[in-house]
Amino acid sequence: MRYTWLAAILLMLIPTVGEAQMSGMIRPYEAKPLPPVNLQNSGRIFDLMRAGQLYLSLADAIALALENNLDIELERYLPRIAQTDIQRAQGGGLLRGLSLLVNEPPPGIGGPSGPLLTTLTASSTPAAPVNTNFSDVALITQQQNNLAVTGALPLSTGPSIPQYDPTISGSLNWAHESTPEYNPLITGSSNWLLSNNFNGNVGWTQGFSTGAQVSMTFDNTRLTSNAARYTYNPILNSSLAFTVTQPLLRGFGVELNRRYIHIAKNNAKIAELVFRQQAIDTVAGIARLYTDLVSLNEDVKVKRESLKLAERLYEDNKNKVDQGSLAPIELTRAQAQVAATRQALISAEGLVEQQELIVKTAITRGGLANPAIRAARVIATDTLADPGSEPARPVEDLIADALRSRSDLAQGGIQVQNSEIALKGSHNALRPELDVVGSVQNGGISGDINPIAAAQTPGAALYPGSYGTALGQIFKNNFPTYMVGLQLNLPLRNRVAQADAVRDELQVRQTQIRRQQLEDQVRLEVADASVALQQARAAYDAAVQSRKLQEQSVEVEQVTFDVGLATNYLVIQYQTYLAQARSTEVAAKGAYAKAKVALDRATASTLEVNRVSVEEARDGLVSRPSPRNPHP
């Protein structure tokens with residue numbers, strides 16, 4: 001057939017395939033579908049609500065955080081993003097990198113910048129101002145940690161990476177040409193030469209790990225004209241060529257050209273470790289916020305007890321004033337004490353409500369968008385356990401656990417490995433470019449014999465026939481062409497590559513130093529958390545002893561006052577001291593619980609202590625059941 005060669009090209013470009021095969025062919029040119037972001041709360045939070053109150057234990061708060069906390073949800077995407085970099089590197093692309101920022105829940109009302117639980121009754125005439133620190137953004141804003149040790153500026157890219165994904169290119173062209181002929185004897189045409197040119201080309205290129213680039217080109221041309229002296233009309237001309245370019249110096253080596261694949265796979269490990277660190281920080285933050293909520297609730301109970309004492313003193317003084325056995329000024333003093341204590345209670349209740357808002361935001365996806373959740377009061381069902389008498393573990397053992405288990409430290413070490421892998425590319429870029437190039441080409445020609453030309457030149461038409469004749473010449477190697485050579489590119493001073501190599505090596509040294517700083521910081525955190533835990537236990541013991549002594553003092557002073565041997569002022573003062581002691585005990589118990597949380601986080605045992613698995617955190621499906629009928 002006249003256009004057999006054109007049909008062959010079309011079959012190569014558009015093969016006849018089934019629907020499933022066509023779907024497979026289209027898939028590389030479409031992005032994989034992703035589910036939309038889920039901003040709905042899990043059903044657990046509604047299971048825990050009853051009559052407008054949210055009954056919450058620490059285990060429930062942690063489970064809700066694992067299911068709903070947006071910091072964890074954000075980091076769930078990081079391992080999947082890392083997988084896209086692996087796919088990109090396997091195709092021969094540069095890496096886009098990962099964000100190594102980890103978010104912690106906000107400090108809350110009981111955080112370092114929040115109001116101390118003991119300041120509301122710190123004087124003999126307590127002044128309980130409304131807490132304005134809550135408006136400080138630091139108390140309600142997430143804290144952010146950057147786990148990167150490689151610095152903000154990346155290393156140089158080094159020699160280019162081969163494109164591992166093969167690429168097929170093709171073209172079909174048709175052209176009609178009309179050319180005036182100044183010498184008709186050459187073509188045998190009249191005053192002008194008319195030609196129709198069909199051209200079909202297919203190309204294929206692919207890179208390999210050695211640095212080699214392989215290309216194939218398959219060219220086909222069909223030319224018809226009014227030339228009387230052409231041997232063939234139409235003329236079918238085809239050629240098939242293979243070219244291989246292999247670097248010998250710069251860009252040579254499997255490990256060198258697969259360096260981004262190694263780095264991308266290391267980044268996938270880093271992403272998993274960063275997610276684990278996010279889970280640890282979130283669980284530790286929820287435990288801290290819950291502890292502060294319980295402490296604030298306990299402090300409300302202390303303020304209520306203090307108000308009862310003040311009101312009882314006021315009633316006693318009122319009776320004595322009515323009986324004429326006490327000066328009226330003492331009633332005024334007792335009434336002022338009641339007002340000040342009531343103000344302290346109002347402020348303490350406000351702190352609880354503010355802390356509840358922070359807790360509900362941390363354990364939900366929509367924050368306070370749901371009116372039912374926003375209006376619900378949180379009922380903490382757990383209490384703060386008294387510090388036990390368990391002996392403290394040696395600091396050396398705690399540090400050894402941390403160095404072995406800390407996710408941030410492990411991922412920092414992998415970052416150092418990645419920097420050292422990338423440095424190999426910087427060193428290789430110093431080498432000259434020396435490539436060996438080889439090419440093999442076969443050609444073929446055929447066509448319909450031009451009777452006029454055949455008569456003028458007998459025997460000139462050696463290969464008459466169709467497109468199959470030209471293809472047969474190619475595959476029979478009738479007209480072979482071979483070529484091999486060397487290509488050299490030799491920079492005479494090479495200052496750019498030298499500067500990049502030295503700078504990259506200096507940046508790797510900085511990365512190693514930052515990794516060591518991180519390790520030193522881990523040792524410091526563990527040692528500091530251990531000391532803080534011991535101090536918190538000692539402070540709690542002292543607070544308990546102080547509270548007991550103040551209770552005895554109030555009892556003695558009240559008896560003394562009842563028999564007329566003490567003044568009303570002293571009774572008020574000792575009641576204030578007792579309120580202070582009780583608040584201090586609550587604060588000390590909460591401080592111990594938070595010190596334990598801090599030590600667990602420093603030693604990377606937070607998940608194990610709270611019986612949480614990384615798989616549960618990753619999937620957002622917590623196995624522990626949620627109660628349908630929580631008890632108040």
# chains A, B, ... in the order shown; residues from 1 in each chain; ligands from 1
call {"tool": "residues_around", "arguments": {"residues": "stretch 391-396 of chain A", "least_positions_apart": "6", "cutoff": "12 Å", "atoms": "only C-alpha atoms", "output": "list in words"}}
result
Ala402, Leu403, Arg523, Leu524, Glu525, Val526, Ala527, Asp528, Ala529, Ser530, Val531, Ala532, Leu533, Gln534, Gln535, Arg537, Lys596, Leu599, Ala602 and Thr603 of chain A
call {"tool": "residues_around", "arguments": {"residues": "A:Ala410", "least_positions_apart": "6", "cutoff": "12 Å", "atoms": "only C-alpha atoms", "output": "list in words"}}
result
Leu147, Ala148, Val149, Asn266, Asn267, Lys269, Ile270, Ala271, Glu272, Leu273, Val274, Arg276, Gln277, Ala402, Leu403, Arg404, Val416, Gln417, Arg515, Gln516, Leu518, Glu519, Val522 and Ala604 of chain A
call {"tool": "select_by_dssp", "arguments": {"residues": "stretch 450-529 of chain A", "states": "alpha helix (DSSP H)", "output": "ChimeraX atom specification"}}
result
/A:451-456,467-475,495-529
call {"tool": "residues_around", "arguments": {"residues": "A:Asp435", "least_positions_apart": "6", "cutoff": "10 Å", "atoms": "only C-alpha atoms", "output": "list in words"}}
result
Gly211, Ala212, Val244, Thr245, Gln246, Pro247, Leu248, Leu249, Arg250, Gly251, Phe252, Gly485, Leu486, Gln487, Leu488 and Asn489 of chain A
call {"tool": "closest_atom_pairs", "arguments": {"of": "stretch 181-251 of chain A", "to": "stretch 84-98 of chain A", "cutoff": "12 Å", "atoms": "only C-alpha atoms", "output": "Markdown table"}}
result
| residue | atom | partner | partner_atom | distance |
| --- | --- | --- | --- | --- |
| A:Gln206 | CA | A:Gly92 | CA | 10.0 |
| A:Gly207 | CA | A:Gly92 | CA | 8.2 |
| A:Phe208 | CA | A:Gly92 | CA | 9.3 |
| A:Ser209 | CA | A:Gly92 | CA | 9.6 |
| A:Gly211 | CA | A:Gly92 | CA | 10.9 |
| A:Gln213 | CA | A:Gly92 | CA | 12.0 |
call {"tool": "select_by_dssp", "arguments": {"residues": "stretch 356-521 of chain A", "states": "strand (DSSP E or B)", "output": "JSON, numbers by chain"}}
result
{"A": [377, 378, 379, 380, 433, 434, 435, 436, 437, 438, 439, 440, 441, 442, 443, 444, 445, 446, 447, 448, 449, 480, 481, 482, 483, 484, 485, 486, 487, 488, 489]}
call {"tool": "atom_distance", "arguments": {"atom1": "atom CA of A:Arg76", "atom2": "atom CA of A:Ser419"}}
result
25.1 Å
call {"tool": "closest_residue", "arguments": {"among": "A:Leu293, A:Val378, A:Ile399, A:Ile261", "to": "A:Leu56", "atoms": "only C-alpha atoms"}}
result
A:Val378
call {"tool": "closest_residue", "arguments": {"among": "A:Asn220, A:Thr361, A:Thr243, A:Asn319", "to": "A:Ser171", "atoms": "only C-alpha atoms"}}
result
A:Asn220
call {"tool": "residues_around", "arguments": {"residues": "stretch 309-318 of chain A", "least_positions_apart": "6", "cutoff": "6 Å", "atoms": "only C-alpha atoms", "output": "list in words"}}
result
Leu331, Ala334 and Val338 of chain A
call {"tool": "atom_distance", "arguments": {"atom1": "atom CA of A:Asn199", "atom2": "atom CA of A:Val437"}}
result
27.2 Å
call {"tool": "closest_residue", "arguments": {"among": "A:Leu471, A:Val359, A:Ala497, A:Ala617", "to": "A:Ser446", "atoms": "only C-alpha atoms"}}
result
A:Leu471
call {"tool": "residues_around", "arguments": {"residues": "A:Asn233", "least_positions_apart": "5", "cutoff": "8 Å", "atoms": "only C-alpha atoms", "output": "MDAnalysis selection string"}}
result
chainID A and resid 223:225 447:450
call {"tool": "write_last_selection", "arguments": {"atoms": "N, CA and C atoms", "output": "tab-separated table (two decimals), in the first residue's frame"}}
result
chain	number	residue	atom	x	y	z
A	223	LEU	N	8.50	11.24	-0.17
A	223	LEU	CA	8.58	12.43	-1.02
A	223	LEU	C	8.04	12.09	-2.40
A	224	THR	N	7.09	12.86	-2.86
A	224	THR	CA	6.60	12.78	-4.25
A	224	THR	C	6.85	14.13	-4.91
A	225	SER	N	7.19	14.07	-6.18
A	225	SER	CA	7.50	15.31	-6.90
A	225	SER	C	7.21	15.12	-8.39
A	447	GLY	N	10.95	2.79	-3.20
A	447	GLY	CA	9.94	3.62	-3.82
A	447	GLY	C	9.50	3.05	-5.15
A	448	ASP	N	8.56	3.72	-5.78
A	448	ASP	CA	8.11	3.33	-7.11
A	448	ASP	C	9.12	3.82	-8.15
A	449	ILE	N	9.46	2.92	-9.10
A	449	ILE	CA	10.46	3.27	-10.11
A	449	ILE	C	9.88	4.30	-11.07
A	450	ASN	N	10.65	5.34	-11.30
A	450	ASN	CA	10.28	6.36	-12.27
A	450	ASN	C	10.66	5.86	-13.66
call {"tool": "atom_distance", "arguments": {"atom1": "atom CA of A:Gly438", "atom2": "atom CA of A:Ser239"}}
result
16.6 Å
call {"tool": "residues_around", "arguments": {"residues": "A:Gln558", "least_positions_apart": "2", "cutoff": "10 Å", "atoms": "only C-alpha atoms", "output": "PyMOL selection string"}}
result
chain A and resi 313+552-556+560-568+570-572+574-575
call {"tool": "write_last_selection", "arguments": {"atoms": "C-alpha atoms", "output": "PDB file, in the first residue's frame"}}
result
ATOM      1  CA  LEU A 313     -16.295  34.091 110.678  1.00  0.00           C
ATOM      2  CA  GLN A 552      -3.753  23.499 113.320  1.00  0.00           C
ATOM      3  CA  SER A 553      -2.934  27.212 113.619  1.00  0.00           C
ATOM      4  CA  VAL A 554      -6.395  28.239 112.411  1.00  0.00           C
ATOM      5  CA  GLU A 555      -8.059  25.856 114.862  1.00  0.00           C
ATOM      6  CA  VAL A 556      -6.007  27.210 117.764  1.00  0.00           C
ATOM      7  CA  THR A 560      -8.471  31.616 121.253  1.00  0.00           C
ATOM      8  CA  PHE A 561     -10.677  34.158 119.511  1.00  0.00           C
ATOM      9  CA  ASP A 562     -13.845  32.481 120.776  1.00  0.00           C
ATOM     10  CA  VAL A 563     -12.693  32.919 124.398  1.00  0.00           C
ATOM     11  CA  GLY A 564     -11.721  36.549 123.742  1.00  0.00           C
ATOM     12  CA  LEU A 565      -7.917  36.108 123.849  1.00  0.00           C
ATOM     13  CA  ALA A 566      -7.280  36.902 120.172  1.00  0.00           C
ATOM     14  CA  THR A 567      -8.315  39.591 117.733  1.00  0.00           C
ATOM     15  CA  ASN A 568     -10.443  39.229 114.648  1.00  0.00           C
ATOM     16  CA  LEU A 570      -5.378  37.435 113.593  1.00  0.00           C
ATOM     17  CA  VAL A 571      -8.134  34.974 112.739  1.00  0.00           C
ATOM     18  CA  ILE A 572      -8.463  36.516 109.279  1.00  0.00           C
ATOM     19  CA  TYR A 574      -4.437  32.752 109.752  1.00  0.00           C
ATOM     20  CA  GLN A 575      -7.366  31.845 107.517  1.00  0.00           C
TER      21      GLN A 575
END
call {"tool": "closest_residue", "arguments": {"among": "A:Ala51, A:Ala422, A:Phe275, A:Gln510", "to": "A:Ser99", "atoms": "only C-alpha atoms"}}
result
A:Phe275
call {"tool": "residues_around", "arguments": {"residues": "A:Asn196", "least_positions_apart": "5", "cutoff": "12 Å", "atoms": "only C-alpha atoms", "output": "PDB file with N, CA and C atoms, in the first residue's frame"}}
result
ATOM      1  N   ASN A 173       4.521  15.343   9.978  1.00  0.00           N
ATOM      2  CA  ASN A 173       4.512  16.601   9.250  1.00  0.00           C
ATOM      3  C   ASN A 173       4.197  16.352   7.775  1.00  0.00           C
ATOM      4  N   TRP A 174       3.500  17.275   7.191  1.00  0.00           N
ATOM      5  CA  TRP A 174       3.232  17.253   5.748  1.00  0.00           C
ATOM      6  C   TRP A 174       3.532  18.633   5.207  1.00  0.00           C
ATOM      7  N   ALA A 175       4.213  18.664   4.082  1.00  0.00           N
ATOM      8  CA  ALA A 175       4.576  19.950   3.482  1.00  0.00           C
ATOM      9  C   ALA A 175       4.425  19.856   1.968  1.00  0.00           C
ATOM     10  N   HIS A 176       3.887  20.903   1.391  1.00  0.00           N
ATOM     11  CA  HIS A 176       3.786  21.049  -0.066  1.00  0.00           C
ATOM     12  C   HIS A 176       4.692  22.204  -0.475  1.00  0.00           C
ATOM     13  N   GLU A 177       5.628  21.920  -1.410  1.00  0.00           N
ATOM     14  CA  GLU A 177       6.591  22.927  -1.812  1.00  0.00           C
ATOM     15  C   GLU A 177       6.501  23.151  -3.325  1.00  0.00           C
ATOM     16  N   SER A 178       6.616  24.388  -3.730  1.00  0.00           N
ATOM     17  CA  SER A 178       6.659  24.778  -5.145  1.00  0.00           C
ATOM     18  C   SER A 178       7.868  25.685  -5.317  1.00  0.00           C
ATOM     19  N   THR A 179       8.871  25.184  -6.056  1.00  0.00           N
ATOM     20  CA  THR A 179      10.143  25.883  -6.165  1.00  0.00           C
ATOM     21  C   THR A 179      10.445  26.191  -7.630  1.00  0.00           C
ATOM     22  N   THR A 221      10.492   9.264   5.784  1.00  0.00           N
ATOM     23  CA  THR A 221      10.099  10.354   4.891  1.00  0.00           C
ATOM     24  C   THR A 221       9.544   9.765   3.597  1.00  0.00           C
ATOM     25  N   ARG A 222       8.473  10.346   3.131  1.00  0.00           N
ATOM     26  CA  ARG A 222       7.899   9.990   1.824  1.00  0.00           C
ATOM     27  C   ARG A 222       7.818  11.251   0.994  1.00  0.00           C
ATOM     28  N   LEU A 223       8.500  11.244  -0.167  1.00  0.00           N
ATOM     29  CA  LEU A 223       8.577  12.426  -1.015  1.00  0.00           C
ATOM     30  C   LEU A 223       8.044  12.090  -2.403  1.00  0.00           C
ATOM     31  N   THR A 224       7.093  12.864  -2.860  1.00  0.00           N
ATOM     32  CA  THR A 224       6.600  12.779  -4.252  1.00  0.00           C
ATOM     33  C   THR A 224       6.851  14.132  -4.909  1.00  0.00           C
ATOM     34  N   SER A 225       7.194  14.070  -6.182  1.00  0.00           N
ATOM     35  CA  SER A 225       7.496  15.314  -6.897  1.00  0.00           C
ATOM     36  C   SER A 225       7.213  15.116  -8.390  1.00  0.00           C
ATOM     37  N   ASN A 226       7.335  16.206  -9.133  1.00  0.00           N
ATOM     38  CA  ASN A 226       7.183  16.151 -10.587  1.00  0.00           C
ATOM     39  C   ASN A 226       8.535  16.062 -11.284  1.00  0.00           C
ATOM     40  N   ALA A 227       9.596  15.696 -10.506  1.00  0.00           N
ATOM     41  CA  ALA A 227      10.927  15.582 -11.096  1.00  0.00           C
ATOM     42  C   ALA A 227      10.993  14.329 -11.961  1.00  0.00           C
ATOM     43  N   ASN A 233       9.916   7.665  -7.467  1.00  0.00           N
ATOM     44  CA  ASN A 233       8.877   8.676  -7.292  1.00  0.00           C
ATOM     45  C   ASN A 233       7.540   7.947  -7.064  1.00  0.00           C
ATOM     46  N   PRO A 234       7.057   7.864  -5.845  1.00  0.00           N
ATOM     47  CA  PRO A 234       7.591   8.538  -4.649  1.00  0.00           C
ATOM     48  C   PRO A 234       8.838   7.850  -4.086  1.00  0.00           C
ATOM     49  N   ILE A 235       9.574   8.605  -3.234  1.00  0.00           N
ATOM     50  CA  ILE A 235      10.779   8.104  -2.574  1.00  0.00           C
ATOM     51  C   ILE A 235      10.445   7.813  -1.107  1.00  0.00           C
TER      52      ILE A 235
END
call {"tool": "decode", "arguments": {"residues": "stretch 387-431 of chain A", "atoms": "N, CA and C atoms", "output": "PDB file, in the first residue's frame"}}
result
ATOM      1  N   PRO A 387       2.299  12.165  94.793  1.00  0.00           N
ATOM      2  CA  PRO A 387       3.628  11.640  94.417  1.00  0.00           C
ATOM      3  C   PRO A 387       3.982  10.420  95.250  1.00  0.00           C
ATOM      4  N   GLY A 388       4.374   9.373  94.588  1.00  0.00           N
ATOM      5  CA  GLY A 388       4.718   8.159  95.308  1.00  0.00           C
ATOM      6  C   GLY A 388       6.125   8.225  95.890  1.00  0.00           C
ATOM      7  N   SER A 389       6.475   7.151  96.501  1.00  0.00           N
ATOM      8  CA  SER A 389       7.801   7.063  97.129  1.00  0.00           C
ATOM      9  C   SER A 389       8.778   6.282  96.266  1.00  0.00           C
ATOM     10  N   GLU A 390       8.449   6.139  94.980  1.00  0.00           N
ATOM     11  CA  GLU A 390       9.324   5.400  94.089  1.00  0.00           C
ATOM     12  C   GLU A 390      10.672   6.098  93.982  1.00  0.00           C
ATOM     13  N   PRO A 391      11.759   5.363  94.145  1.00  0.00           N
ATOM     14  CA  PRO A 391      13.082   6.003  94.078  1.00  0.00           C
ATOM     15  C   PRO A 391      13.367   6.505  92.671  1.00  0.00           C
ATOM     16  N   ALA A 392      14.102   7.601  92.616  1.00  0.00           N
ATOM     17  CA  ALA A 392      14.437   8.195  91.327  1.00  0.00           C
ATOM     18  C   ALA A 392      15.465   7.331  90.601  1.00  0.00           C
ATOM     19  N   ARG A 393      15.283   7.168  89.307  1.00  0.00           N
ATOM     20  CA  ARG A 393      16.244   6.423  88.497  1.00  0.00           C
ATOM     21  C   ARG A 393      17.514   7.242  88.312  1.00  0.00           C
ATOM     22  N   PRO A 394      18.656   6.588  88.207  1.00  0.00           N
ATOM     23  CA  PRO A 394      19.899   7.336  87.965  1.00  0.00           C
ATOM     24  C   PRO A 394      19.808   8.129  86.668  1.00  0.00           C
ATOM     25  N   VAL A 395      20.368   9.324  86.689  1.00  0.00           N
ATOM     26  CA  VAL A 395      20.317  10.186  85.515  1.00  0.00           C
ATOM     27  C   VAL A 395      21.004   9.523  84.330  1.00  0.00           C
ATOM     28  N   GLU A 396      22.084   8.776  84.594  1.00  0.00           N
ATOM     29  CA  GLU A 396      22.792   8.124  83.484  1.00  0.00           C
ATOM     30  C   GLU A 396      21.882   7.158  82.736  1.00  0.00           C
ATOM     31  N   ASP A 397      21.044   6.430  83.469  1.00  0.00           N
ATOM     32  CA  ASP A 397      20.119   5.499  82.819  1.00  0.00           C
ATOM     33  C   ASP A 397      19.056   6.256  82.012  1.00  0.00           C
ATOM     34  N   LEU A 398      18.571   7.361  82.571  1.00  0.00           N
ATOM     35  CA  LEU A 398      17.572   8.147  81.855  1.00  0.00           C
ATOM     36  C   LEU A 398      18.151   8.730  80.567  1.00  0.00           C
ATOM     37  N   ILE A 399      19.383   9.227  80.647  1.00  0.00           N
ATOM     38  CA  ILE A 399      20.020   9.792  79.456  1.00  0.00           C
ATOM     39  C   ILE A 399      20.240   8.708  78.406  1.00  0.00           C
ATOM     40  N   ALA A 400      20.661   7.528  78.852  1.00  0.00           N
ATOM     41  CA  ALA A 400      20.870   6.428  77.902  1.00  0.00           C
ATOM     42  C   ALA A 400      19.558   6.070  77.201  1.00  0.00           C
ATOM     43  N   ASP A 401      18.446   6.051  77.932  1.00  0.00           N
ATOM     44  CA  ASP A 401      17.142   5.785  77.317  1.00  0.00           C
ATOM     45  C   ASP A 401      16.795   6.853  76.286  1.00  0.00           C
ATOM     46  N   ALA A 402      17.063   8.103  76.641  1.00  0.00           N
ATOM     47  CA  ALA A 402      16.728   9.198  75.732  1.00  0.00           C
ATOM     48  C   ALA A 402      17.561   9.142  74.455  1.00  0.00           C
ATOM     49  N   LEU A 403      18.867   8.905  74.596  1.00  0.00           N
ATOM     50  CA  LEU A 403      19.732   8.848  73.413  1.00  0.00           C
ATOM     51  C   LEU A 403      19.337   7.696  72.502  1.00  0.00           C
ATOM     52  N   ARG A 404      18.787   6.649  73.081  1.00  0.00           N
ATOM     53  CA  ARG A 404      18.391   5.489  72.295  1.00  0.00           C
ATOM     54  C   ARG A 404      17.007   5.661  71.667  1.00  0.00           C
ATOM     55  N   SER A 405      16.133   6.454  72.297  1.00  0.00           N
ATOM     56  CA  SER A 405      14.723   6.468  71.891  1.00  0.00           C
ATOM     57  C   SER A 405      14.238   7.792  71.319  1.00  0.00           C
ATOM     58  N   ARG A 406      14.973   8.876  71.497  1.00  0.00           N
ATOM     59  CA  ARG A 406      14.466  10.172  71.048  1.00  0.00           C
ATOM     60  C   ARG A 406      14.352  10.221  69.526  1.00  0.00           C
ATOM     61  N   SER A 407      13.151  10.512  69.046  1.00  0.00           N
ATOM     62  CA  SER A 407      12.908  10.586  67.604  1.00  0.00           C
ATOM     63  C   SER A 407      13.633  11.767  66.976  1.00  0.00           C
ATOM     64  N   ASP A 408      13.637  12.913  67.649  1.00  0.00           N
ATOM     65  CA  ASP A 408      14.296  14.079  67.070  1.00  0.00           C
ATOM     66  C   ASP A 408      15.793  13.859  66.932  1.00  0.00           C
ATOM     67  N   LEU A 409      16.377  13.126  67.856  1.00  0.00           N
ATOM     68  CA  LEU A 409      17.813  12.844  67.780  1.00  0.00           C
ATOM     69  C   LEU A 409      18.097  11.862  66.645  1.00  0.00           C
ATOM     70  N   ALA A 410      17.252  10.853  66.495  1.00  0.00           N
ATOM     71  CA  ALA A 410      17.454   9.865  65.428  1.00  0.00           C
ATOM     72  C   ALA A 410      17.318  10.507  64.054  1.00  0.00           C
ATOM     73  N   GLN A 411      16.303  11.339  63.874  1.00  0.00           N
ATOM     74  CA  GLN A 411      16.141  11.971  62.559  1.00  0.00           C
ATOM     75  C   GLN A 411      17.248  12.983  62.303  1.00  0.00           C
ATOM     76  N   GLY A 412      17.800  13.593  63.350  1.00  0.00           N
ATOM     77  CA  GLY A 412      18.939  14.483  63.159  1.00  0.00           C
ATOM     78  C   GLY A 412      20.151  13.735  62.630  1.00  0.00           C
ATOM     79  N   GLY A 413      20.365  12.504  63.117  1.00  0.00           N
ATOM     80  CA  GLY A 413      21.456  11.691  62.612  1.00  0.00           C
ATOM     81  C   GLY A 413      21.269  11.331  61.148  1.00  0.00           C
ATOM     82  N   ILE A 414      20.020  11.066  60.740  1.00  0.00           N
ATOM     83  CA  ILE A 414      19.765  10.748  59.333  1.00  0.00           C
ATOM     84  C   ILE A 414      19.997  11.979  58.463  1.00  0.00           C
ATOM     85  N   GLN A 415      19.677  13.157  58.983  1.00  0.00           N
ATOM     86  CA  GLN A 415      19.957  14.372  58.223  1.00  0.00           C
ATOM     87  C   GLN A 415      21.455  14.532  57.972  1.00  0.00           C
ATOM     88  N   VAL A 416      22.275  14.188  58.958  1.00  0.00           N
ATOM     89  CA  VAL A 416      23.723  14.243  58.766  1.00  0.00           C
ATOM     90  C   VAL A 416      24.128  13.266  57.658  1.00  0.00           C
ATOM     91  N   GLN A 417      23.571  12.062  57.660  1.00  0.00           N
ATOM     92  CA  GLN A 417      23.868  11.100  56.599  1.00  0.00           C
ATOM     93  C   GLN A 417      23.481  11.651  55.232  1.00  0.00           C
ATOM     94  N   ASN A 418      22.329  12.295  55.150  1.00  0.00           N
ATOM     95  CA  ASN A 418      21.906  12.873  53.874  1.00  0.00           C
ATOM     96  C   ASN A 418      22.880  13.945  53.401  1.00  0.00           C
ATOM     97  N   SER A 419      23.366  14.758  54.327  1.00  0.00           N
ATOM     98  CA  SER A 419      24.332  15.795  53.952  1.00  0.00           C
ATOM     99  C   SER A 419      25.616  15.184  53.422  1.00  0.00           C
ATOM    100  N   GLU A 420      26.045  14.110  54.039  1.00  0.00           N
ATOM    101  CA  GLU A 420      27.271  13.450  53.579  1.00  0.00           C
ATOM    102  C   GLU A 420      27.067  12.791  52.221  1.00  0.00           C
ATOM    103  N   ILE A 421      25.879  12.261  51.957  1.00  0.00           N
ATOM    104  CA  ILE A 421      25.587  11.689  50.640  1.00  0.00           C
ATOM    105  C   ILE A 421      25.595  12.790  49.579  1.00  0.00           C
ATOM    106  N   ALA A 422      24.944  13.914  49.888  1.00  0.00           N
ATOM    107  CA  ALA A 422      24.903  15.019  48.930  1.00  0.00           C
ATOM    108  C   ALA A 422      26.295  15.589  48.676  1.00  0.00           C
ATOM    109  N   LEU A 423      27.173  15.529  49.676  1.00  0.00           N
ATOM    110  CA  LEU A 423      28.533  16.051  49.514  1.00  0.00           C
ATOM    111  C   LEU A 423      29.301  15.283  48.449  1.00  0.00           C
ATOM    112  N   LYS A 424      28.981  14.014  48.253  1.00  0.00           N
ATOM    113  CA  LYS A 424      29.653  13.240  47.209  1.00  0.00           C
ATOM    114  C   LYS A 424      29.383  13.850  45.830  1.00  0.00           C
ATOM    115  N   GLY A 425      28.192  14.374  45.636  1.00  0.00           N
ATOM    116  CA  GLY A 425      27.892  15.037  44.375  1.00  0.00           C
ATOM    117  C   GLY A 425      28.709  16.303  44.199  1.00  0.00           C
ATOM    118  N   SER A 426      28.903  17.059  45.286  1.00  0.00           N
ATOM    119  CA  SER A 426      29.709  18.279  45.206  1.00  0.00           C
ATOM    120  C   SER A 426      31.151  17.950  44.841  1.00  0.00           C
ATOM    121  N   HIS A 427      31.706  16.895  45.404  1.00  0.00           N
ATOM    122  CA  HIS A 427      33.081  16.498  45.077  1.00  0.00           C
ATOM    123  C   HIS A 427      33.188  16.000  43.639  1.00  0.00           C
ATOM    124  N   ASN A 428      32.179  15.258  43.169  1.00  0.00           N
ATOM    125  CA  ASN A 428      32.230  14.747  41.814  1.00  0.00           C
ATOM    126  C   ASN A 428      32.150  15.875  40.787  1.00  0.00           C
ATOM    127  N   ALA A 429      31.484  16.982  41.153  1.00  0.00           N
ATOM    128  CA  ALA A 429      31.368  18.103  40.228  1.00  0.00           C
ATOM    129  C   ALA A 429      32.707  18.767  39.956  1.00  0.00           C
ATOM    130  N   LEU A 430      33.730  18.470  40.771  1.00  0.00           N
ATOM    131  CA  LEU A 430      35.062  19.023  40.535  1.00  0.00           C
ATOM    132  C   LEU A 430      35.739  18.395  39.325  1.00  0.00           C
ATOM    133  N   ARG A 431      35.322  17.227  38.931  1.00  0.00           N
ATOM    134  CA  ARG A 431      36.005  16.504  37.865  1.00  0.00           C
ATOM    135  C   ARG A 431      35.656  17.084  36.496  1.00  0.00           C
TER     136      ARG A 431
END
